[in-house]
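K.L.:
My file is input-v5.cif. It has mmCIF, C-alpha atoms:
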```
data_coords
loop_
_atom_site.group_PDB
_atom_site.id
_atom_site.type_symbol
_atom_site.label_atom_id
_atom_site.label_comp_id
_atom_site.auth_asym_id
_atom_site.auth_seq_id
_atom_site.Cartn_x
_atom_site.Cartn_y
_atom_site.Cartn_z
ATOM 1 C CA MET A 730 -42.165 62.798 -68.750
ATOM 2 C CA VAL A 731 -44.621 63.064 -65.855
ATOM 3 C CA ARG A 732 -46.894 60.028 -65.771
ATOM 4 C CA ARG A 733 -48.826 60.847 -62.567
ATOM 5 C CA ILE A 734 -49.712 63.970 -60.563
ATOM 6 C CA ILE A 735 -50.224 63.754 -56.801
ATOM 7 C CA THR A 736 -51.590 66.537 -54.628
ATOM 8 C CA HIS A 737 -52.871 66.597 -51.070
ATOM 9 C CA PRO A 738 -56.278 65.240 -50.020
ATOM 10 C CA GLY A 739 -58.900 67.274 -48.164
ATOM 11 C CA GLY A 740 -59.694 70.909 -48.891
ATOM 12 C CA ALA A 741 -58.416 72.307 -52.171
ATOM 13 C CA HIS A 742 -57.016 75.785 -52.708
ATOM 14 C CA LYS A 743 -56.565 77.952 -55.767
ATOM 15 C CA ASP A 744 -52.796 77.507 -55.912
ATOM 16 C CA ASP A 745 -52.763 73.697 -55.911
ATOM 17 C CA LEU A 746 -55.741 73.532 -58.281
ATOM 18 C CA LEU A 747 -54.069 75.867 -60.812
ATOM 19 C CA ALA A 748 -50.685 74.174 -60.437
ATOM 20 C CA VAL A 749 -52.299 70.833 -61.258
ATOM 21 C CA CYS A 750 -54.187 72.431 -64.182
ATOM 22 C CA VAL A 751 -50.886 73.559 -65.710
ATOM 23 C CA LEU A 752 -49.277 70.139 -65.201
ATOM 24 C CA VAL A 753 -52.308 68.396 -66.723
ATOM 25 C CA ALA A 754 -52.096 70.666 -69.780
ATOM 26 C CA LYS A 755 -48.349 70.026 -70.041
ATOM 27 C CA HIS A 756 -48.254 66.275 -69.435
ATOM 28 C CA GLY A 757 -51.801 64.867 -69.665
ATOM 29 C CA ALA A 758 -51.146 62.696 -66.599
ATOM 30 C CA PRO A 759 -53.852 61.381 -64.237
ATOM 31 C CA ILE A 760 -54.363 63.029 -60.827
ATOM 32 C CA GLU A 761 -54.402 61.390 -57.396
ATOM 33 C CA ARG A 762 -55.316 63.334 -54.251
ATOM 34 C CA ARG A 763 -53.433 61.654 -51.386
ATOM 35 C CA ASP A 764 -50.136 61.818 -49.499
ATOM 36 C CA PRO A 765 -47.105 60.669 -51.518
ATOM 37 C CA THR A 766 -44.797 57.849 -50.461
ATOM 38 C CA PRO A 767 -41.025 58.371 -50.012
ATOM 39 C CA GLU A 768 -40.465 56.360 -53.185
ATOM 40 C CA GLU A 769 -42.801 58.644 -55.130
ATOM 41 C CA LEU A 770 -40.994 61.743 -53.850
ATOM 42 C CA SER A 771 -37.810 60.346 -55.402
ATOM 43 C CA ASP A 772 -39.425 59.481 -58.736
ATOM 44 C CA PRO A 773 -39.126 62.306 -61.339
ATOM 45 C CA GLY A 774 -41.962 60.695 -63.302
ATOM 46 C CA ILE A 775 -44.401 61.638 -60.541
ATOM 47 C CA ALA A 776 -45.225 65.311 -59.922
ATOM 48 C CA ILE A 777 -45.909 66.054 -56.248
ATOM 49 C CA VAL A 778 -47.863 69.298 -55.792
ATOM 50 C CA ASP A 779 -48.378 71.299 -52.576
ATOM 51 C CA VAL A 780 -47.524 68.337 -50.353
ATOM 52 C CA GLY A 781 -44.459 66.279 -49.442
ATOM 53 C CA GLY A 782 -42.357 68.956 -47.727
ATOM 54 C CA MET A 783 -39.910 69.254 -50.633
ATOM 55 C CA HIS A 784 -39.176 71.661 -53.467
ATOM 56 C CA ALA A 785 -37.063 69.783 -55.986
ATOM 57 C CA PRO A 786 -37.918 70.795 -59.566
ATOM 58 C CA HIS A 787 -35.643 68.117 -61.065
ATOM 59 C CA LEU A 788 -37.844 65.562 -59.287
ATOM 60 C CA HIS A 789 -41.072 67.464 -60.072
ATOM 61 C CA ASN A 790 -41.666 68.107 -56.370
ATOM 62 C CA PHE A 791 -43.468 71.431 -55.851
ATOM 63 C CA ASP A 792 -44.173 72.087 -52.168
ATOM 64 C CA HIS A 793 -43.593 75.443 -50.463
ATOM 65 C CA HIS A 794 -44.854 74.762 -46.950
ATOM 66 C CA HIS A 795 -41.367 74.122 -45.554
ATOM 67 C CA PHE A 796 -40.097 77.542 -46.622
ATOM 68 C CA PRO A 797 -39.148 79.822 -43.686
ATOM 69 C CA ARG A 798 -41.522 82.532 -42.490
ATOM 70 C CA GLU A 799 -39.413 85.305 -44.024
ATOM 71 C CA HIS A 800 -39.450 83.684 -47.495
ATOM 72 C CA ALA A 801 -41.117 85.788 -50.192
ATOM 73 C CA PRO A 802 -44.796 84.882 -50.682
ATOM 74 C CA THR A 803 -44.819 81.749 -52.815
ATOM 75 C CA CYS A 804 -47.358 79.088 -53.725
ATOM 76 C CA ALA A 805 -47.410 75.764 -55.575
ATOM 77 C CA LEU A 806 -48.367 77.450 -58.833
ATOM 78 C CA SER A 807 -45.350 79.775 -58.538
ATOM 79 C CA LEU A 808 -43.038 76.767 -58.291
ATOM 80 C CA VAL A 809 -44.576 74.980 -61.282
ATOM 81 C CA LEU A 810 -44.407 78.106 -63.441
ATOM 82 C CA GLU A 811 -40.820 78.690 -62.356
ATOM 83 C CA GLU A 812 -39.829 75.163 -63.397
ATOM 84 C CA LEU A 813 -41.402 75.813 -66.818
ATOM 85 C CA GLY A 814 -39.514 79.097 -67.201
ATOM 86 C CA LEU A 815 -42.760 81.085 -67.160
ATOM 87 C CA TYR A 816 -42.821 82.611 -63.690
ATOM 88 C CA GLN A 817 -41.454 86.077 -64.503
ATOM 89 C CA ASP A 818 -43.823 86.495 -67.441
ATOM 90 C CA ALA A 819 -46.734 85.292 -65.320
ATOM 91 C CA LYS A 820 -45.800 87.743 -62.558
ATOM 92 C CA THR A 821 -45.741 90.536 -65.146
ATOM 93 C CA PHE A 822 -48.878 89.714 -67.131
ATOM 94 C CA CYS A 823 -51.144 88.003 -64.562
ATOM 95 C CA ASP A 824 -52.113 90.571 -61.937
ATOM 96 C CA TRP A 825 -53.965 87.889 -59.980
ATOM 97 C CA LEU A 826 -50.828 85.774 -59.356
ATOM 98 C CA GLU A 827 -49.167 87.831 -56.626
ATOM 99 C CA PRO A 828 -52.367 88.139 -54.528
ATOM 100 C CA ALA A 829 -52.783 84.355 -54.886
ATOM 101 C CA GLU A 830 -49.240 83.887 -53.544
ATOM 102 C CA TRP A 831 -49.942 86.172 -50.605
ATOM 103 C CA PHE A 832 -53.281 84.549 -49.807
ATOM 104 C CA ASP A 833 -51.876 81.034 -49.812
ATOM 105 C CA SER A 834 -48.699 81.799 -47.857
ATOM 106 C CA ARG A 835 -49.839 84.647 -45.582
ATOM 107 C CA GLY A 836 -53.610 84.224 -45.251
ATOM 108 C CA PRO A 837 -56.512 86.626 -45.891
ATOM 109 C CA ASN A 838 -55.714 89.188 -43.176
ATOM 110 C CA LYS A 839 -52.120 89.802 -44.288
ATOM 111 C CA THR A 840 -53.205 89.766 -47.934
ATOM 112 C CA ALA A 841 -55.829 92.445 -47.295
ATOM 113 C CA GLU A 842 -53.262 94.510 -45.399
ATOM 114 C CA TRP A 843 -50.753 94.163 -48.259
ATOM 115 C CA LEU A 844 -53.397 95.160 -50.827
ATOM 116 C CA GLY A 845 -54.522 98.074 -48.681
ATOM 117 C CA VAL A 846 -58.153 96.952 -48.590
ATOM 118 C CA PRO A 847 -60.530 95.907 -45.771
ATOM 119 C CA ARG A 848 -60.415 92.234 -44.803
ATOM 120 C CA GLN A 849 -64.008 91.847 -46.032
ATOM 121 C CA ALA A 850 -62.935 92.765 -49.567
ATOM 122 C CA ILE A 851 -61.115 89.432 -49.872
ATOM 123 C CA SER A 852 -64.311 87.420 -49.434
ATOM 124 C CA GLN A 853 -66.317 89.933 -51.482
ATOM 125 C CA LEU A 854 -64.133 89.036 -54.480
ATOM 126 C CA ASN A 855 -64.880 85.303 -54.204
ATOM 127 C CA SER A 856 -66.474 83.898 -57.343
ATOM 128 C CA PRO A 857 -69.041 81.055 -57.449
ATOM 129 C CA ILE A 858 -66.920 79.623 -60.249
ATOM 130 C CA ASP A 859 -63.914 79.379 -57.903
ATOM 131 C CA ILE A 860 -66.012 77.932 -55.094
ATOM 132 C CA THR A 861 -67.561 75.219 -57.264
ATOM 133 C CA LEU A 862 -64.296 74.175 -58.915
ATOM 134 C CA LEU A 863 -62.448 73.955 -55.603
ATOM 135 C CA ARG A 864 -65.261 72.058 -53.904
ATOM 136 C CA ARG A 865 -65.661 69.588 -56.760
ATOM 137 C CA PHE A 866 -61.898 69.055 -56.978
ATOM 138 C CA ALA A 867 -61.743 68.397 -53.235
ATOM 139 C CA GLN A 868 -64.445 65.719 -53.541
ATOM 140 C CA HIS A 869 -62.346 63.558 -55.869
ATOM 141 C CA THR A 870 -59.553 61.183 -54.971
ATOM 142 C CA GLU A 871 -58.710 60.423 -58.616
ATOM 143 C CA LEU A 872 -59.215 62.181 -61.946
ATOM 144 C CA ALA A 873 -58.149 61.102 -65.424
ATOM 145 C CA ALA A 874 -58.569 62.033 -69.079
ATOM 146 C CA GLY A 875 -62.225 61.929 -70.088
ATOM 147 C CA ASP A 876 -63.559 63.030 -66.701
ATOM 148 C CA THR A 877 -65.493 66.293 -67.050
ATOM 149 C CA LEU A 878 -63.569 68.104 -64.298
ATOM 150 C CA TYR A 879 -60.222 66.807 -65.586
ATOM 151 C CA GLU A 880 -60.920 68.104 -69.088
ATOM 152 C CA PHE A 881 -62.018 71.467 -67.718
ATOM 153 C CA MET A 882 -58.797 71.658 -65.693
ATOM 154 C CA ARG A 883 -56.832 70.814 -68.818
ATOM 155 C CA MET A 884 -58.520 73.760 -70.592
ATOM 156 C CA VAL A 885 -57.713 76.125 -67.715
ATOM 157 C CA GLY A 886 -54.066 75.085 -67.747
ATOM 158 C CA GLN A 887 -53.799 75.224 -71.531
ATOM 159 C CA ASP A 888 -55.383 78.671 -71.690
ATOM 160 C CA LEU A 889 -52.877 79.976 -69.136
ATOM 161 C CA LEU A 890 -49.918 78.454 -70.998
ATOM 162 C CA ASP A 891 -51.218 79.768 -74.332
ATOM 163 C CA TYR A 892 -51.793 83.232 -72.886
ATOM 164 C CA LEU A 893 -48.226 83.439 -71.581
ATOM 165 C CA ARG A 894 -46.760 82.096 -74.828
ATOM 166 C CA VAL A 895 -48.708 84.524 -77.004
ATOM 167 C CA ALA A 896 -48.007 87.451 -74.658
ATOM 168 C CA ARG A 897 -44.264 86.801 -74.905
ATOM 169 C CA GLU A 898 -44.404 86.432 -78.703
ATOM 170 C CA ARG A 899 -46.310 89.713 -79.007
ATOM 171 C CA ILE A 900 -43.883 91.522 -76.701
ATOM 172 C CA ASP A 901 -40.886 90.383 -78.711
ATOM 173 C CA PHE A 902 -42.631 91.524 -81.894
ATOM 174 C CA VAL A 903 -43.667 94.893 -80.441
ATOM 175 C CA ALA A 904 -40.112 95.453 -79.171
ATOM 176 C CA SER A 905 -38.868 95.173 -82.747
ATOM 177 C CA GLN A 906 -41.389 97.761 -84.018
ATOM 178 C CA VAL A 907 -42.133 100.274 -81.260
ATOM 179 C CA GLU A 908 -41.040 103.913 -81.347
ATOM 180 C CA HIS A 909 -40.520 106.135 -78.306
ATOM 181 C CA TRP A 910 -41.663 109.712 -78.758
ATOM 182 C CA SER A 911 -41.050 112.863 -76.721
ATOM 183 C CA ILE A 912 -43.858 115.299 -77.531
ATOM 184 C CA ALA A 913 -43.761 119.031 -76.826
ATOM 185 C CA ALA A 914 -46.728 120.474 -74.907
ATOM 186 C CA GLY A 915 -45.905 124.029 -73.923
ATOM 187 C CA PRO A 916 -43.022 123.852 -71.426
ATOM 188 C CA ASP A 917 -43.625 120.123 -70.868
ATOM 189 C CA ARG A 918 -42.471 117.012 -72.697
ATOM 190 C CA ILE A 919 -44.858 114.065 -72.972
ATOM 191 C CA ALA A 920 -43.303 110.585 -73.107
ATOM 192 C CA ALA A 921 -45.193 108.334 -75.516
ATOM 193 C CA VAL A 922 -44.853 104.920 -77.129
ATOM 194 C CA PHE A 923 -46.054 104.431 -80.692
ATOM 195 C CA LEU A 924 -46.768 101.094 -82.369
ATOM 196 C CA PRO A 925 -47.007 101.545 -86.154
ATOM 197 C CA ARG A 926 -49.120 99.380 -88.381
ATOM 198 C CA THR A 927 -47.380 96.155 -89.337
ATOM 199 C CA ASP A 928 -47.933 93.363 -91.807
ATOM 200 C CA PRO A 929 -49.227 91.124 -90.386
ATOM 201 C CA GLU A 930 -50.963 93.287 -87.814
ATOM 202 C CA THR A 931 -50.589 92.553 -84.107
ATOM 203 C CA ASP A 932 -53.627 91.050 -82.383
ATOM 204 C CA GLU A 933 -54.978 93.265 -79.603
ATOM 205 C CA PRO A 934 -52.364 95.975 -80.208
ATOM 206 C CA SER A 935 -53.267 98.105 -77.164
ATOM 207 C CA THR A 936 -52.801 95.133 -74.820
ATOM 208 C CA ALA A 937 -49.608 94.047 -76.585
ATOM 209 C CA LEU A 938 -48.185 97.556 -76.234
ATOM 210 C CA ALA A 939 -49.120 97.780 -72.540
ATOM 211 C CA ASN A 940 -47.559 94.368 -71.881
ATOM 212 C CA TYR A 941 -44.394 95.446 -73.701
ATOM 213 C CA ILE A 942 -44.088 98.513 -71.467
ATOM 214 C CA ARG A 943 -44.524 96.419 -68.327
ATOM 215 C CA ALA A 944 -42.274 93.569 -69.415
ATOM 216 C CA GLU A 945 -39.438 95.797 -70.586
ATOM 217 C CA ARG A 946 -39.698 98.035 -67.504
ATOM 218 C CA ALA A 947 -40.105 100.879 -69.996
ATOM 219 C CA ASP A 948 -42.830 102.694 -68.082
ATOM 220 C CA ALA A 949 -40.684 105.409 -66.477
ATOM 221 C CA GLY A 950 -42.502 108.619 -67.311
ATOM 222 C CA ILE A 951 -44.683 107.091 -70.055
ATOM 223 C CA ALA A 952 -47.932 109.045 -70.269
ATOM 224 C CA VAL A 953 -49.583 107.847 -73.473
ATOM 225 C CA SER A 954 -49.654 104.958 -75.934
ATOM 226 C CA ILE A 955 -50.594 105.090 -79.621
ATOM 227 C CA TYR A 956 -51.612 101.879 -81.358
ATOM 228 C CA PRO A 957 -53.353 100.727 -84.573
ATOM 229 C CA ASP A 958 -57.135 100.936 -84.421
ATOM 230 C CA ARG A 959 -58.542 97.460 -84.998
ATOM 231 C CA ARG A 960 -61.768 98.941 -86.428
ATOM 232 C CA GLY A 961 -60.273 101.401 -88.880
ATOM 233 C CA ALA A 962 -57.200 102.588 -90.702
ATOM 234 C CA GLY A 963 -56.195 105.098 -88.029
ATOM 235 C CA TYR A 964 -54.997 104.859 -84.449
ATOM 236 C CA GLY A 965 -56.216 104.646 -80.914
ATOM 237 C CA ILE A 966 -54.590 106.965 -78.393
ATOM 238 C CA GLY A 967 -54.851 106.188 -74.700
ATOM 239 C CA ARG A 968 -53.379 107.492 -71.482
ATOM 240 C CA TYR A 969 -50.999 105.001 -69.907
ATOM 241 C CA GLU A 970 -51.810 103.912 -66.349
ATOM 242 C CA ASP A 971 -54.550 106.540 -66.288
ATOM 243 C CA HIS A 972 -52.103 109.451 -66.441
ATOM 244 C CA PRO A 973 -53.850 112.381 -64.693
ATOM 245 C CA ARG A 974 -52.739 115.113 -67.099
ATOM 246 C CA LEU A 975 -54.281 113.646 -70.250
ATOM 247 C CA ASP A 976 -57.944 114.231 -71.074
ATOM 248 C CA PHE A 977 -58.878 113.111 -74.566
ATOM 249 C CA SER A 978 -62.393 114.497 -74.240
ATOM 250 C CA ARG A 979 -60.644 117.800 -74.975
ATOM 251 C CA VAL A 980 -60.051 116.726 -78.586
ATOM 252 C CA GLU A 981 -63.667 115.762 -79.278
ATOM 253 C CA GLY A 982 -64.680 117.609 -82.421
ATOM 254 C CA GLU A 983 -61.108 117.966 -83.664
ATOM 255 C CA PRO A 984 -60.547 117.098 -87.345
ATOM 256 C CA ASN A 985 -59.765 113.376 -87.838
ATOM 257 C CA VAL A 986 -61.130 112.456 -84.361
ATOM 258 C CA HIS A 987 -64.202 110.254 -84.755
ATOM 259 C CA PHE A 988 -64.472 109.136 -81.112
ATOM 260 C CA ALA A 989 -63.344 110.604 -77.805
ATOM 261 C CA HIS A 990 -64.405 108.885 -74.597
ATOM 262 C CA LYS A 991 -66.359 111.183 -72.293
ATOM 263 C CA SER A 992 -64.187 110.141 -69.345
ATOM 264 C CA GLY A 993 -61.141 111.269 -71.313
ATOM 265 C CA PHE A 994 -59.044 108.112 -71.122
ATOM 266 C CA MET A 995 -58.779 107.536 -74.900
ATOM 267 C CA CYS A 996 -59.765 108.630 -78.388
ATOM 268 C CA LYS A 997 -59.834 107.191 -81.910
ATOM 269 C CA THR A 998 -58.558 109.050 -84.949
ATOM 270 C CA SER A 999 -58.309 108.412 -88.676
ATOM 271 C CA ALA A 1000 -55.060 110.388 -88.688
ATOM 272 C CA THR A 1001 -51.928 108.399 -89.519
ATOM 273 C CA ASP A 1002 -49.329 111.169 -89.787
ATOM 274 C CA PRO A 1003 -47.048 111.226 -86.702
ATOM 275 C CA GLU A 1004 -47.166 115.036 -86.526
ATOM 276 C CA ARG A 1005 -50.963 115.032 -86.419
ATOM 277 C CA LEU A 1006 -51.042 112.283 -83.786
ATOM 278 C CA GLN A 1007 -48.599 114.226 -81.641
ATOM 279 C CA ALA A 1008 -50.647 117.417 -82.076
ATOM 280 C CA LEU A 1009 -53.749 115.643 -80.744
ATOM 281 C CA ILE A 1010 -51.818 114.417 -77.729
ATOM 282 C CA SER A 1011 -50.520 117.933 -77.044
ATOM 283 C CA ALA A 1012 -54.082 119.264 -77.250
ATOM 284 C CA ALA A 1013 -55.243 116.680 -74.702
ATOM 285 C CA TRP A 1014 -52.502 117.631 -72.229
ATOM 286 C CA ARG A 1015 -53.653 119.565 -69.152
#
```
Before we go any further, please render this structure as C-alpha cells.
P.N.:
Amino acid sequence: MVRRIITHPGGAHKDDLLAVCVLVAKHGAPIERRDPTPEELSDPGIAIVDVGGMHAPHLHNFDHHHFPREHAPTCALSLVLEELGLYQDAKTFCDWLEPAEWFDSRGPNKTAEWLGVPRQAISQLNSPIDITLLRRFAQHTELAAGDTLYEFMRMVGQDLLDYLRVARERIDFVASQVEHWSIAAGPDRIAAVFLPRTDPETDEPSTALANYIRAERADAGIAVSIYPDRRGAGYGIGRYEDHPRLDFSRVEGEPNVHFAHKSGFMCKTSATDPERLQALISAAWR
C-alpha cells in the first residue's frame, strides 16, 4: 500500500499532475513535491513520480527521463497506468493520452510535427483549466486529504479510473452481443456492426459500440454502426469514422425515419427489423 506520493518540485506538467491524480484516487496518500532520498526510492510504500531517475514499478518508482532518445514517447502517467494494467485501454479510449506522451517526451515542436499541425496549434489548444490546475499544483510543497486541490485531484483520478473500468466492462458486454453484417448495395458490400437491444440496455450504446470496434481492432472496412436509440424503441444508424460513401440525409422522408441529420452522418429510425435497417443503409450508400 502506498502511504506517500513524491513528485518533483518547481513547474508542474500535465503528465506528472495526472499520474499523481490516479495514485491519489488509488491510494489516498498525501503528496510531497520535492526530490526523493535514496532510502525513499527503495521503499515500495512511497510512490516516486516523474523524478528519481528510475522506473521500477515493484517499488512504485515512475520516472521516464532516463529512457534513451529512441524510446517510444512515454510519460509518467503512461508508467502509472501500465503498472495498474490500464495502459492499453487508456491508449485506445483516451485520444488525448498519446499527444500528452509526445508533448512531455518530445516537446511542442515535435508534437506539432507528429500531429501534422502548425506549432501554434499546440498553444491554441491550451485550456485555462489546465493552466490554473498546473500553476496551483506547482505552488504547493504538500497536499493531503481535505485540501481543496487534493480533493479535486482525487476526483480527476477517480473519474479516469472509472471511465476506463466502465469502458472495458461495456466492451466485453458488447462483444458478447454484437453482430457483423455485410449489406448489399448494388455491386458493393457494406460492412456494418449491429448492437441489438439487450436487457439491461447498454449505457451510451453508440460510444460502447465505437469503443468495441477500436478495442477489438475490428474496424477493417467497417462503414456503419447500428445501435439502440436511447430516446425511442428503434435504432440509430451512423457512419463509422465519417465514411465518405454514406449520406443519411438521403433517407430523410423514408418510412420509419423520424430524423436524418442534414450533414448526413446519422439518422434515427423506429424500424427494428434487420432487413429494413439494412435497406435504409443501402439507400444511404453513394
K.L.:
Tell me which residues the PyMOL selection byres ((chain A and resi 893-901) around 9) grabs here, as a list of chain:residue names.
P.N.:
A:Leu815, A:Asp818, A:Ala819, A:Phe822, A:Cys823, A:Asp888, A:Leu889, A:Leu890, A:Asp891, A:Tyr892, A:Phe902, A:Val903, A:Ala904, A:Ser905, A:Thr931, A:Asp932, A:Pro934, A:Ala937, A:Leu938, A:Asn940, A:Tyr941, A:Ile942, A:Ala944, A:Glu945
K.L.:
Env of Glu970 in chain A: 12 Å cut, atoms = only C-alpha atoms, seq-sep filter 4 positions within chain, self excluded. Answer as a PyMOL selection string.
P.N.:
chain A and resi 939-940+942-943+948-954+974-975+994-995
K.L.:
Between A:Asp745, A:Asp1002, A:Glu812, A:Glu768, single out the one closest to Ala785 in chain A, counting all atoms listed in the file.
P.N.:
A:Glu812
K.L.:
A:Val980, A:Val751, A:Val986, A:Val731: which is nearest Tyr964 in chain A, counting only C-alpha atoms?
P.N.:
A:Val986
K.L.:
Which is closer to Arg733 in chain A than all the others in A:Glu799, A:Asp824, A:Asp917, A:Glu761, using all atoms listed in the file?
P.N.:
A:Glu761
K.L.:
So how many Å separate CA of Leu924 in chain A and CA of Tyr956 in chain A, to one decimal?
P.N.:
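These two atoms are separated by 5.0 Å.
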K.L.:
To test your reading of the syntax: which residues would the PyMOL selection byres ((chain A and resi 787-792) around 8) return for the file shown? Reply as a list in words.
P.N.:
Leu770, Ser771, Asp772, Pro773, Gly774, Ile775, Ala776, Ile777, Val778, Asp779, Val780, Gly781, Gly782, Met783, His784, Ala785, Pro786, His793, His794, His795, Cys804, Ala805, Leu808 and Val809 of chain A
